[in-house]
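Colleague: Just so it is clear, I am handing over final12.pdb, which has PDB, C-alpha atoms (C1' of nucleotides).
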```pdb
MODEL        1
ATOM      1  CA  MET F   1       0.000   0.000   0.000
ATOM      2  CA  ARG F   2       2.856   2.282   0.986
ATOM      3  CA  ARG F   3       4.419   1.397  -2.365
ATOM      4  CA  LYS F   4       1.276   2.263  -4.250
ATOM      5  CA  LEU F   5       1.198   5.739  -2.774
ATOM      6  CA  GLU F   6       4.886   6.319  -3.307
ATOM      7  CA  ALA F   7       4.586   5.176  -6.906
ATOM      8  CA  ALA F   8       1.994   7.895  -7.368
ATOM      9  CA  GLY F   9       4.268  10.467  -5.770
ATOM     10  CA  ILE F  10       2.209  10.660  -2.594
ATOM     11  CA  ARG F  11       3.728  10.793   0.858
ATOM     12  CA  PRO F  12       2.475   7.837   2.837
ATOM     13  CA  THR F  13       1.243   9.496   5.988
ATOM     14  CA  PRO F  14      -0.713   7.417   8.504
ATOM     15  CA  GLN F  15      -3.994   9.075   7.496
ATOM     16  CA  ARG F  16      -3.441   8.455   3.827
ATOM     17  CA  LEU F  17      -2.413   4.874   4.451
ATOM     18  CA  ALA F  18      -5.542   4.238   6.475
ATOM     19  CA  ILE F  19      -7.724   5.643   3.721
ATOM     20  CA  ALA F  20      -5.804   3.766   1.036
ATOM     21  CA  LYS F  21      -6.200   0.525   2.945
ATOM     22  CA  LEU F  22      -9.947   0.988   2.990
ATOM     23  CA  LEU F  23     -10.182   2.005  -0.642
ATOM     24  CA  PHE F  24      -7.841  -0.300  -2.424
ATOM     25  CA  THR F  25      -9.165  -3.603  -1.170
ATOM     26  CA  GLY F  26     -11.325  -4.745  -4.059
ATOM     27  CA  ASP F  27     -13.490  -2.362  -6.041
ATOM     28  CA  LYS F  28     -15.319   0.207  -3.988
ATOM     29  CA  HIS F  29     -17.687   3.105  -4.372
ATOM     30  CA  VAL F  30     -17.471   5.444  -1.433
ATOM     31  CA  THR F  31     -18.538   8.868  -0.327
ATOM     32  CA  ALA F  32     -16.323  11.169   1.700
ATOM     33  CA  ASP F  33     -18.544  10.558   4.677
ATOM     34  CA  GLN F  34     -18.217   6.809   4.483
ATOM     35  CA  VAL F  35     -14.455   7.179   4.438
ATOM     36  CA  TYR F  36     -14.592   9.546   7.369
ATOM     37  CA  ASP F  37     -16.758   7.194   9.424
ATOM     38  CA  HIS F  38     -14.585   4.239   8.583
ATOM     39  CA  VAL F  39     -11.300   5.759   9.636
ATOM     40  CA  ARG F  40     -12.924   7.221  12.725
ATOM     41  CA  SER F  41     -14.228   3.803  13.697
ATOM     42  CA  LYS F  42     -10.639   2.594  13.550
ATOM     43  CA  LYS F  43      -9.893   5.110  16.298
ATOM     44  CA  LEU F  44      -7.817   7.125  13.908
ATOM     45  CA  ASN F  45      -7.638  10.824  14.322
ATOM     46  CA  VAL F  46      -8.590  12.063  10.890
ATOM     47  CA  SER F  47     -10.401  15.282  10.135
ATOM     48  CA  ARG F  48     -12.950  15.764   7.405
ATOM     49  CA  ALA F  49     -10.600  18.205   5.715
ATOM     50  CA  THR F  50      -7.975  15.505   5.473
ATOM     51  CA  VAL F  51     -10.455  13.017   4.068
ATOM     52  CA  TYR F  52     -11.405  15.470   1.347
ATOM     53  CA  ASN F  53      -7.799  16.435   0.721
ATOM     54  CA  THR F  54      -6.846  12.816   0.401
ATOM     55  CA  LEU F  55      -9.695  11.794  -1.868
ATOM     56  CA  ASN F  56      -9.007  14.739  -4.122
ATOM     57  CA  LEU F  57      -5.306  14.004  -4.160
ATOM     58  CA  PHE F  58      -5.863  10.342  -5.014
ATOM     59  CA  THR F  59      -8.213  11.389  -7.783
ATOM     60  CA  GLU F  60      -5.724  13.882  -9.171
ATOM     61  CA  ARG F  61      -3.039  11.231  -9.226
ATOM     62  CA  GLY F  62      -5.242   8.757 -11.021
ATOM     63  CA  LEU F  63      -5.858   6.313  -8.194
ATOM     64  CA  LEU F  64      -9.571   7.079  -8.052
ATOM     65  CA  ARG F  65     -12.319   8.306 -10.301
ATOM     66  CA  GLU F  66     -15.198  10.496  -9.254
ATOM     67  CA  VAL F  67     -18.691   9.317 -10.206
ATOM     68  CA  TYR F  68     -21.649  11.658 -10.358
ATOM     69  CA  LEU F  69     -24.639   9.680  -9.282
ATOM     70  CA  ASP F  70     -26.834  12.405  -7.992
ATOM     71  CA  SER F  71     -26.357  15.980  -6.978
ATOM     72  CA  THR F  72     -26.278  15.464  -3.246
ATOM     73  CA  ARG F  73     -22.825  13.965  -2.825
ATOM     74  CA  ALA F  74     -19.793  12.757  -4.716
ATOM     75  CA  PHE F  75     -18.869   9.106  -5.039
ATOM     76  CA  PHE F  76     -15.352   7.892  -5.594
ATOM     77  CA  ASP F  77     -14.738   4.737  -7.551
ATOM     78  CA  THR F  78     -11.606   2.634  -7.268
ATOM     79  CA  ASN F  79     -12.324   0.614 -10.379
ATOM     80  CA  LEU F  80     -10.260   2.166 -13.150
ATOM     81  CA  ARG F  81     -11.067  -0.444 -15.783
ATOM     82  CA  PRO F  82     -13.678   0.258 -18.473
ATOM     83  CA  HIS F  83     -17.048  -0.312 -16.905
ATOM     84  CA  PHE F  84     -20.450   1.181 -16.419
ATOM     85  CA  HIS F  85     -22.637   1.519 -13.359
ATOM     86  CA  LEU F  86     -25.865  -0.162 -12.497
ATOM     87  CA  PHE F  87     -27.701   1.917  -9.967
ATOM     88  CA  TYR F  88     -30.521   0.049  -8.261
ATOM     89  CA  VAL F  89     -33.030   2.775  -7.575
ATOM     90  CA  ASP F  90     -34.863   0.720  -4.973
ATOM     91  CA  SER F  91     -31.948  -0.379  -2.839
ATOM     92  CA  GLY F  92     -29.459   2.355  -3.610
ATOM     93  CA  GLU F  93     -26.870  -0.247  -4.566
ATOM     94  CA  LEU F  94     -24.229   0.692  -7.105
ATOM     95  CA  VAL F  95     -22.726  -2.172  -9.078
ATOM     96  CA  ASP F  96     -19.977  -2.236 -11.714
ATOM     97  CA  VAL F  97     -20.401  -3.954 -15.043
ATOM     98  CA  GLU F  98     -17.129  -4.342 -16.883
ATOM     99  CA  ASP F  99     -17.345  -4.243 -20.614
ATOM    100  CA  ASP F 100     -14.636  -4.153 -23.217
ATOM    101  CA  GLU F 101     -16.912  -2.813 -25.905
ATOM    102  CA  LEU F 102     -18.052   0.147 -23.879
ATOM    103  CA  THR F 103     -15.416   2.690 -24.784
ATOM    104  CA  GLY F 104     -15.438   1.657 -28.430
ATOM    105  CA  PHE F 105     -19.164   2.157 -28.694
ATOM    106  CA  PHE F 106     -18.851   5.824 -27.851
ATOM    107  CA  VAL F 107     -15.515   6.550 -29.470
ATOM    108  CA  GLY F 108     -17.030   5.291 -32.703
ATOM    109  CA  ARG F 109     -19.761   7.886 -32.362
ATOM    110  CA  LEU F 110     -17.660  10.980 -31.803
ATOM    111  CA  PRO F 111     -17.732  13.800 -34.333
ATOM    112  CA  GLN F 112     -14.666  14.547 -36.474
ATOM    113  CA  GLY F 113     -11.824  16.214 -34.657
ATOM    114  CA  VAL F 114     -13.042  15.313 -31.216
ATOM    115  CA  ARG F 115     -10.862  13.308 -28.855
ATOM    116  CA  PHE F 116     -12.079  10.987 -26.184
ATOM    117  CA  GLN F 117     -11.058  11.653 -22.611
ATOM    118  CA  ASP F 118     -13.306   9.551 -20.435
ATOM    119  CA  LEU F 119     -16.745   8.284 -19.876
ATOM    120  CA  ASP F 120     -19.383   8.011 -17.188
ATOM    121  CA  VAL F 121     -22.388   5.780 -17.540
ATOM    122  CA  VAL F 122     -25.072   5.248 -14.949
ATOM    123  CA  VAL F 123     -27.906   2.911 -15.845
ATOM    124  CA  ARG F 124     -30.779   3.230 -13.410
ATOM    125  CA  VAL F 125     -32.473  -0.118 -12.902
ATOM    126  CA  TYR F 126     -34.708  -1.985 -10.526
ATOM    127  CA  ARG F 127     -35.358  -5.621  -9.778
ATOM    128  CA  GLU F 128     -38.347  -7.320 -11.290
ATOM    129  CA  GLU F 129     -41.167  -8.322  -8.961
ATOM    130  CA  GLY F 130     -40.389 -11.656  -7.411
ATOM    131  CA  SER F 131     -36.825 -11.591  -8.575
ATOM    132  CA  ALA F 132     -34.419 -12.772  -5.910
ATOM    133  CA  LYS F 133     -31.860 -10.296  -4.688
TER     134      LYS F 133
ATOM    135  CA  MET R   1     -47.196  26.133 -23.272
ATOM    136  CA  ARG R   2     -50.091  26.563 -20.908
ATOM    137  CA  ARG R   3     -51.450  23.330 -22.407
ATOM    138  CA  LYS R   4     -48.219  21.500 -21.850
ATOM    139  CA  LEU R   5     -48.243  22.311 -18.172
ATOM    140  CA  GLU R   6     -51.891  21.477 -17.743
ATOM    141  CA  ALA R   7     -51.366  18.191 -19.535
ATOM    142  CA  ALA R   8     -48.772  17.372 -16.921
ATOM    143  CA  GLY R   9     -51.164  18.335 -14.132
ATOM    144  CA  ILE R  10     -49.292  21.520 -13.321
ATOM    145  CA  ARG R  11     -51.019  24.807 -12.561
ATOM    146  CA  PRO R  12     -49.861  27.372 -15.077
ATOM    147  CA  THR R  13     -48.819  30.220 -12.827
ATOM    148  CA  PRO R  14     -47.016  33.175 -14.400
ATOM    149  CA  GLN R  15     -43.701  32.071 -12.899
ATOM    150  CA  ARG R  16     -44.038  28.553 -14.209
ATOM    151  CA  LEU R  17     -45.060  29.771 -17.625
ATOM    152  CA  ALA R  18     -42.055  32.044 -17.834
ATOM    153  CA  ILE R  19     -39.733  29.200 -16.929
ATOM    154  CA  ALA R  20     -41.480  26.821 -19.300
ATOM    155  CA  LYS R  21     -41.164  29.297 -22.128
ATOM    156  CA  LEU R  22     -37.423  29.468 -21.590
ATOM    157  CA  LEU R  23     -36.981  25.741 -21.262
ATOM    158  CA  PHE R  24     -39.196  24.276 -23.905
ATOM    159  CA  THR R  25     -37.921  26.197 -26.872
ATOM    160  CA  GLY R  26     -35.582  23.700 -28.482
ATOM    161  CA  ASP R  27     -33.311  21.426 -26.487
ATOM    162  CA  LYS R  28     -31.622  23.044 -23.555
ATOM    163  CA  HIS R  29     -29.264  22.279 -20.728
ATOM    164  CA  VAL R  30     -29.659  24.720 -17.900
ATOM    165  CA  THR R  31     -28.698  25.250 -14.300
ATOM    166  CA  ALA R  32     -31.048  26.687 -11.708
ATOM    167  CA  ASP R  33     -29.002  29.849 -11.721
ATOM    168  CA  GLN R  34     -29.290  30.328 -15.447
ATOM    169  CA  VAL R  35     -33.034  30.011 -15.172
ATOM    170  CA  TYR R  36     -33.099  32.462 -12.305
ATOM    171  CA  ASP R  37     -31.030  35.032 -14.189
ATOM    172  CA  HIS R  38     -33.135  34.617 -17.290
ATOM    173  CA  VAL R  39     -36.501  35.201 -15.665
ATOM    174  CA  ARG R  40     -35.071  38.053 -13.637
ATOM    175  CA  SER R  41     -33.804  39.706 -16.790
ATOM    176  CA  LYS R  42     -37.363  39.567 -18.059
ATOM    177  CA  LYS R  43     -38.265  41.744 -15.085
ATOM    178  CA  LEU R  44     -40.249  38.926 -13.608
ATOM    179  CA  ASN R  45     -40.493  38.628  -9.892
ATOM    180  CA  VAL R  46     -39.365  35.095  -9.301
ATOM    181  CA  SER R  47     -37.524  33.885  -6.260
ATOM    182  CA  ARG R  48     -34.820  31.275  -6.233
ATOM    183  CA  ALA R  49     -37.059  29.027  -4.180
ATOM    184  CA  THR R  50     -39.652  29.122  -6.929
ATOM    185  CA  VAL R  51     -37.068  28.343  -9.578
ATOM    186  CA  TYR R  52     -35.982  25.287  -7.649
ATOM    187  CA  ASN R  53     -39.550  24.280  -6.888
ATOM    188  CA  THR R  54     -40.454  24.585 -10.530
ATOM    189  CA  LEU R  55     -37.461  22.705 -11.888
ATOM    190  CA  ASN R  56     -38.041  19.923  -9.418
ATOM    191  CA  LEU R  57     -41.716  19.800 -10.212
ATOM    192  CA  PHE R  58     -41.099  19.671 -13.960
ATOM    193  CA  THR R  59     -38.577  16.892 -13.396
ATOM    194  CA  GLU R  60     -41.005  14.938 -11.242
ATOM    195  CA  ARG R  61     -43.670  15.227 -13.900
ATOM    196  CA  GLY R  62     -41.331  14.037 -16.608
ATOM    197  CA  LEU R  63     -40.890  17.305 -18.486
ATOM    198  CA  LEU R  64     -37.191  17.503 -17.641
ATOM    199  CA  ARG R  65     -34.337  15.216 -16.804
ATOM    200  CA  GLU R  66     -31.552  15.988 -14.395
ATOM    201  CA  VAL R  67     -27.985  15.458 -15.638
ATOM    202  CA  TYR R  68     -25.095  15.024 -13.266
ATOM    203  CA  LEU R  69     -22.105  16.583 -14.870
ATOM    204  CA  ASP R  70     -20.053  17.456 -11.870
ATOM    205  CA  SER R  71     -20.657  17.821  -8.198
ATOM    206  CA  THR R  72     -20.923  21.593  -8.091
ATOM    207  CA  ARG R  73     -24.340  22.079  -9.637
ATOM    208  CA  ALA R  74     -27.234  20.292 -11.261
ATOM    209  CA  PHE R  75     -28.105  20.592 -14.932
ATOM    210  CA  PHE R  76     -31.576  20.094 -16.301
ATOM    211  CA  ASP R  77     -32.049  18.706 -19.771
ATOM    212  CA  THR R  78     -35.169  19.219 -21.842
ATOM    213  CA  ASN R  79     -34.253  16.568 -24.386
ATOM    214  CA  LEU R  80     -36.213  13.465 -23.445
ATOM    215  CA  ARG R  81     -35.244  11.413 -26.475
ATOM    216  CA  PRO R  82     -32.530   8.741 -26.186
ATOM    217  CA  HIS R  83     -29.223  10.520 -26.342
ATOM    218  CA  PHE R  84     -25.880  10.863 -24.674
ATOM    219  CA  HIS R  85     -23.863  13.899 -23.691
ATOM    220  CA  LEU R  86     -20.628  15.181 -25.052
ATOM    221  CA  PHE R  87     -18.988  17.375 -22.494
ATOM    222  CA  TYR R  88     -16.186  19.470 -23.909
ATOM    223  CA  VAL R  89     -13.819  19.754 -20.984
ATOM    224  CA  ASP R  90     -12.018  22.744 -22.446
ATOM    225  CA  SER R  91     -14.972  24.936 -23.298
ATOM    226  CA  GLY R  92     -17.539  23.626 -20.848
ATOM    227  CA  GLU R  93     -19.997  23.051 -23.681
ATOM    228  CA  LEU R  94     -22.540  20.281 -23.334
ATOM    229  CA  VAL R  95     -23.864  18.785 -26.553
ATOM    230  CA  ASP R  96     -26.471  16.110 -27.195
ATOM    231  CA  VAL R  97     -25.855  13.169 -29.468
ATOM    232  CA  GLU R  98     -29.019  11.310 -30.312
ATOM    233  CA  ASP R  99     -28.639   7.617 -30.911
ATOM    234  CA  ASP R 100     -31.220   4.936 -31.394
ATOM    235  CA  GLU R 101     -28.851   2.139 -30.490
ATOM    236  CA  LEU R 102     -27.940   3.639 -27.148
ATOM    237  CA  THR R 103     -30.613   2.174 -24.938
ATOM    238  CA  GLY R 104     -30.395  -1.216 -26.622
ATOM    239  CA  PHE R 105     -26.684  -1.428 -26.005
ATOM    240  CA  PHE R 106     -27.175  -1.283 -22.269
ATOM    241  CA  VAL R 107     -30.456  -3.126 -21.993
ATOM    242  CA  GLY R 108     -28.739  -6.033 -23.742
ATOM    243  CA  ARG R 109     -26.128  -6.050 -21.011
ATOM    244  CA  LEU R 110     -28.361  -6.138 -17.966
ATOM    245  CA  PRO R 111     -28.286  -9.140 -15.654
ATOM    246  CA  GLN R 112     -31.271 -11.482 -15.416
ATOM    247  CA  GLY R 113     -34.270 -10.114 -13.577
ATOM    248  CA  VAL R 114     -33.154  -6.516 -13.813
ATOM    249  CA  ARG R 115     -35.366  -3.914 -15.449
ATOM    250  CA  PHE R 116     -34.182  -0.823 -17.207
ATOM    251  CA  GLN R 117     -35.382   2.539 -15.955
ATOM    252  CA  ASP R 118     -33.162   5.149 -17.525
ATOM    253  CA  LEU R 119     -29.703   6.046 -18.510
ATOM    254  CA  ASP R 120     -27.169   8.829 -18.150
ATOM    255  CA  VAL R 121     -24.074   9.017 -20.273
ATOM    256  CA  VAL R 122     -21.500  11.756 -20.209
ATOM    257  CA  VAL R 123     -18.540  11.422 -22.549
ATOM    258  CA  ARG R 124     -15.807  13.852 -21.690
ATOM    259  CA  VAL R 125     -14.017  15.016 -24.789
ATOM    260  CA  TYR R 126     -11.827  17.779 -26.111
ATOM    261  CA  ARG R 127     -11.078  19.198 -29.518
ATOM    262  CA  GLU R 128      -7.965  18.124 -31.328
ATOM    263  CA  GLU R 129      -5.225  20.696 -31.757
ATOM    264  CA  GLY R 130      -5.946  22.816 -34.746
ATOM    265  CA  SER R 131      -9.483  21.532 -35.057
ATOM    266  CA  ALA R 132     -11.951  24.240 -35.876
ATOM    267  CA  LYS R 133     -14.631  24.939 -33.365
TER     268      LYS R 133
ATOM    269  C1'  DG Q   1      15.359  23.510   8.558
ATOM    270  C1'  DT Q   2      12.230  23.627   4.902
ATOM    271  C1'  DT Q   3       8.559  21.846   2.894
ATOM    272  C1'  DC Q   4       4.453  19.443   3.245
ATOM    273  C1'  DA Q   5       0.229  17.588   5.850
ATOM    274  C1'  DT Q   6      -3.080  17.904   9.487
ATOM    275  C1'  DG Q   7      -6.971  19.634  12.239
ATOM    276  C1'  DC Q   8      -9.977  22.955  13.522
ATOM    277  C1'  DA Q   9     -13.304  26.204  12.840
ATOM    278  C1'  DA Q  10     -15.062  29.343   9.741
ATOM    279  C1'  DA Q  11     -16.481  30.266   5.075
ATOM    280  C1'  DG Q  12     -18.723  29.083   0.807
ATOM    281  C1'  DG Q  13     -22.052  27.615  -2.607
ATOM    282  C1'  DA Q  14     -26.048  25.118  -3.973
ATOM    283  C1'  DT Q  15     -30.407  23.677  -2.566
ATOM    284  C1'  DT Q  16     -34.290  23.117   0.721
ATOM    285  C1'  DT Q  17     -37.489  24.484   4.306
ATOM    286  C1'  DG Q  18     -40.853  27.036   7.344
ATOM    287  C1'  DC Q  19     -44.125  30.088   7.241
ATOM    288  C1'  DA Q  20     -47.017  34.156   6.324
ATOM    289  C1'  DA Q  21     -49.129  36.456   2.504
ATOM    290  C1'  DG Q  22     -51.000  36.200  -2.030
ATOM    291  C1'  DT Q  23     -53.177  33.389  -6.020
ATOM    292  C1'  DT Q  24     -55.814  30.080  -8.428
ATOM    293  C1'  DA Q  25     -59.651  27.048  -9.473
TER     294       DA Q  25
ATOM    295  C1'  DT V   1     -63.486  29.199   0.040
ATOM    296  C1'  DA V   2     -60.188  25.653   0.024
ATOM    297  C1'  DA V   3     -56.081  24.223  -1.773
ATOM    298  C1'  DC V   4     -51.989  25.526  -3.801
ATOM    299  C1'  DT V   5     -47.926  28.868  -4.790
ATOM    300  C1'  DT V   6     -44.926  32.354  -3.829
ATOM    301  C1'  DG V   7     -41.119  34.929  -1.648
ATOM    302  C1'  DC V   8     -38.239  35.710   1.954
ATOM    303  C1'  DA V   9     -34.891  34.497   5.160
ATOM    304  C1'  DA V  10     -33.032  31.062   7.725
ATOM    305  C1'  DA V  11     -31.378  26.508   7.733
ATOM    306  C1'  DT V  12     -28.966  22.508   5.880
ATOM    307  C1'  DC V  13     -25.690  19.747   3.459
ATOM    308  C1'  DC V  14     -21.453  18.997   1.316
ATOM    309  C1'  DT V  15     -17.040  20.712   0.398
ATOM    310  C1'  DT V  16     -13.237  24.019   0.615
ATOM    311  C1'  DT V  17     -10.214  27.407   2.876
ATOM    312  C1'  DG V  18      -7.150  29.896   6.180
ATOM    313  C1'  DC V  19      -4.081  29.304   9.356
ATOM    314  C1'  DA V  20      -1.356  27.706  13.246
ATOM    315  C1'  DT V  21       0.628  23.346  14.899
ATOM    316  C1'  DG V  22       2.988  19.208  13.920
ATOM    317  C1'  DA V  23       5.301  15.704  11.004
ATOM    318  C1'  DA V  24       8.368  14.214   7.100
ATOM    319  C1'  DC V  25      12.539  14.346   4.301
TER     320       DC V  25
ENDMDL
END
```
Translate the structure described by the file into structure tokens.
Modeller:
Amino acid sequence: MRRKLEAAGIRPTPQRLAIAKLLFTGDKHVTADQVYDHVRSKKLNVSRATVYNTLNLFTERGLLREVYLDSTRAFFDTNLRPHFHLFYVDSGELVDVEDDELTGFFVGRLPQGVRFQDLDVVVRVYREEGSAK
Amino acid sequence: MRRKLEAAGIRPTPQRLAIAKLLFTGDKHVTADQVYDHVRSKKLNVSRATVYNTLNLFTERGLLREVYLDSTRAFFDTNLRPHFHLFYVDSGELVDVEDDELTGFFVGRLPQGVRFQDLDVVVRVYREEGSAK
DNA sequence: GTTCATGCAAAGGATTTGCAAGTTA
DNA sequence: TAACTTGCAAATCCTTTGCATGAAC
């Protein structure tokens, strides 16, 4: 973990390591508040300002991506591979669907002279009646 | 315009009509603030609260869709046809690209038992060097 | 010893709310 | 008249900032 931060040119302070440990264990979608609560529950002294600083720094350095799900809060996504999001409107769950054709679909539809940077897809869905979770 | 609101079960007050007139003339992407400034410039007495109330009401009744472009403000989109968004990161422009295959692409990729509700796509792009605007 | 990071509290910006007064059907 | 809308100001939520203290190289 320490290595990962150093590789990104980030000083591995205890706060950053704690946040990195939470984030970079499997794919995660988190809000700043969830991160704050988590590190607090570990009895770590971390301020909200530091949580925001850290999430923004990680994002800047390419370790995270921000996802805009709704206008009330920002989500950070640790999955950097091409994928889209399934947002279950009933349960609030957010699930990744990886797809190799995703980027190509849109790149193939860009006007002349326009370069692709990145892509956000949120598909709002719900479970059919009687469908098991 | 009056008809459109009534059809959606919305009382056509002067404030709502003014906002509707701005919105439903061609496809638009607007923020609450842009709406507020616009109606103000028309010398109409409209409060911010009413702008927000109205935009939320229109959205609820299916006359608008909210687009989440970044976490600093909400955009409202009057284009209800299947389309995705091209966001020019350099100029801040937001452009619609209509596409009949869009919905199908994602519906075909949903897991068993999951029903499609709707879809948001933002493709962040920029213009190539030397490419004319 | 600098430079960088942290924590706190205050500031900021967007949006919502409570409520009294005014409108609409 | 009864139900709904408006405007105002205050409140709320999330996020950022300023700055003094403390840690890292």
Colleague: Find the spatial neighbours of DT3 of chain Q, counting all atoms listed in the file, within a cut-off of 12 Å - ignore same-chain residues fewer than 6 positions away - and output them as a PyMOL selection string.
Modeller: chain V and resi 23-25
Colleague: Would you save the residues from that selection as an mmCIF file, keeping the file's coordinate frame, using C-alpha atoms (C1' of nucleotides)?
Modeller:
```cif
data_model
loop_
_atom_site.group_PDB
_atom_site.id
_atom_site.type_symbol
_atom_site.label_atom_id
_atom_site.label_comp_id
_atom_site.auth_asym_id
_atom_site.auth_seq_id
_atom_site.Cartn_x
_atom_site.Cartn_y
_atom_site.Cartn_z
ATOM 1 C "C1'" DA V 23 5.301 15.704 11.004
ATOM 2 C "C1'" DA V 24 8.368 14.214 7.100
ATOM 3 C "C1'" DC V 25 12.539 14.346 4.301
#
```
Colleague: Do you know which residues the PyMOL selection byres ((chain F and resi 48) around 10) returns on this file, as an MDAnalysis selection string?
Modeller: (chainID F and resid 32:33 35:37 46:47 49:54) or (chainID Q and resid 7:8) or (chainID V and resid 15)
Colleague: Record the distance separating atom CA of His83 of chain F and atom CA of Val97 of chain F, expressed in Å with one decimal.
Modeller: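 Pair atom CA of His83 of chain F / atom CA of Val97 of chain F returns 5.3 Å.
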Colleague: Residues of chain Q within 9 Å of chain R, using all atoms listed in the file, as a list in words?
Modeller: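 Result: DG13, DA14, DT15, DT16, DT23 and DT24 of chain Q.
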Colleague: Please tabulate, as a Markdown table, the residues of chain R that come within 6 Å of chain F, each with its closest pair of atoms and the distance in Å to one decimal, counting only C-alpha atoms and ordering rows by chain, then residue number upward.
Modeller:
```
| residue | atom | partner | partner_atom | distance |
| --- | --- | --- | --- | --- |
| R:Tyr68 | CA | F:Tyr68 | CA | 5.6 |
| R:Gly113 | CA | F:Glu128 | CA | 5.4 |
| R:Val114 | CA | F:Arg127 | CA | 4.7 |
| R:Arg115 | CA | F:Tyr126 | CA | 5.3 |
| R:Phe116 | CA | F:Val125 | CA | 4.7 |
| R:Gln117 | CA | F:Val125 | CA | 5.0 |
| R:Asp118 | CA | F:Arg124 | CA | 5.1 |
| R:Leu119 | CA | F:Val123 | CA | 4.5 |
| R:Asp120 | CA | F:Val122 | CA | 5.2 |
| R:Val121 | CA | F:Val121 | CA | 4.6 |
| R:Val122 | CA | F:Asp120 | CA | 5.3 |
| R:Val123 | CA | F:Leu119 | CA | 4.5 |
| R:Arg124 | CA | F:Asp118 | CA | 5.1 |
| R:Val125 | CA | F:Phe116 | CA | 4.7 |
| R:Tyr126 | CA | F:Arg115 | CA | 5.3 |
| R:Arg127 | CA | F:Val114 | CA | 4.7 |
| R:Glu128 | CA | F:Gly113 | CA | 5.4 |
| R:Ser131 | CA | F:Gly113 | CA | 5.8 |
```
Colleague: Counting all atoms listed in the file, a student should be able to say which residues of chain V come within 12 Å of chain R; what is the right answer, written as a list in words?
Modeller: DA3, DC4, DT5, DT6, DG7, DC8, DA9, DC14, DT15 and DT16 of chain V
Colleague: Can you measure atom CA of Ala20 of chain F to atom C1' of DT21 of chain V for me? One decimal in Å is fine.
Modeller: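 Separation of atom CA of Ala20 of chain F and atom C1' of DT21 of chain V: 24.8 Å.
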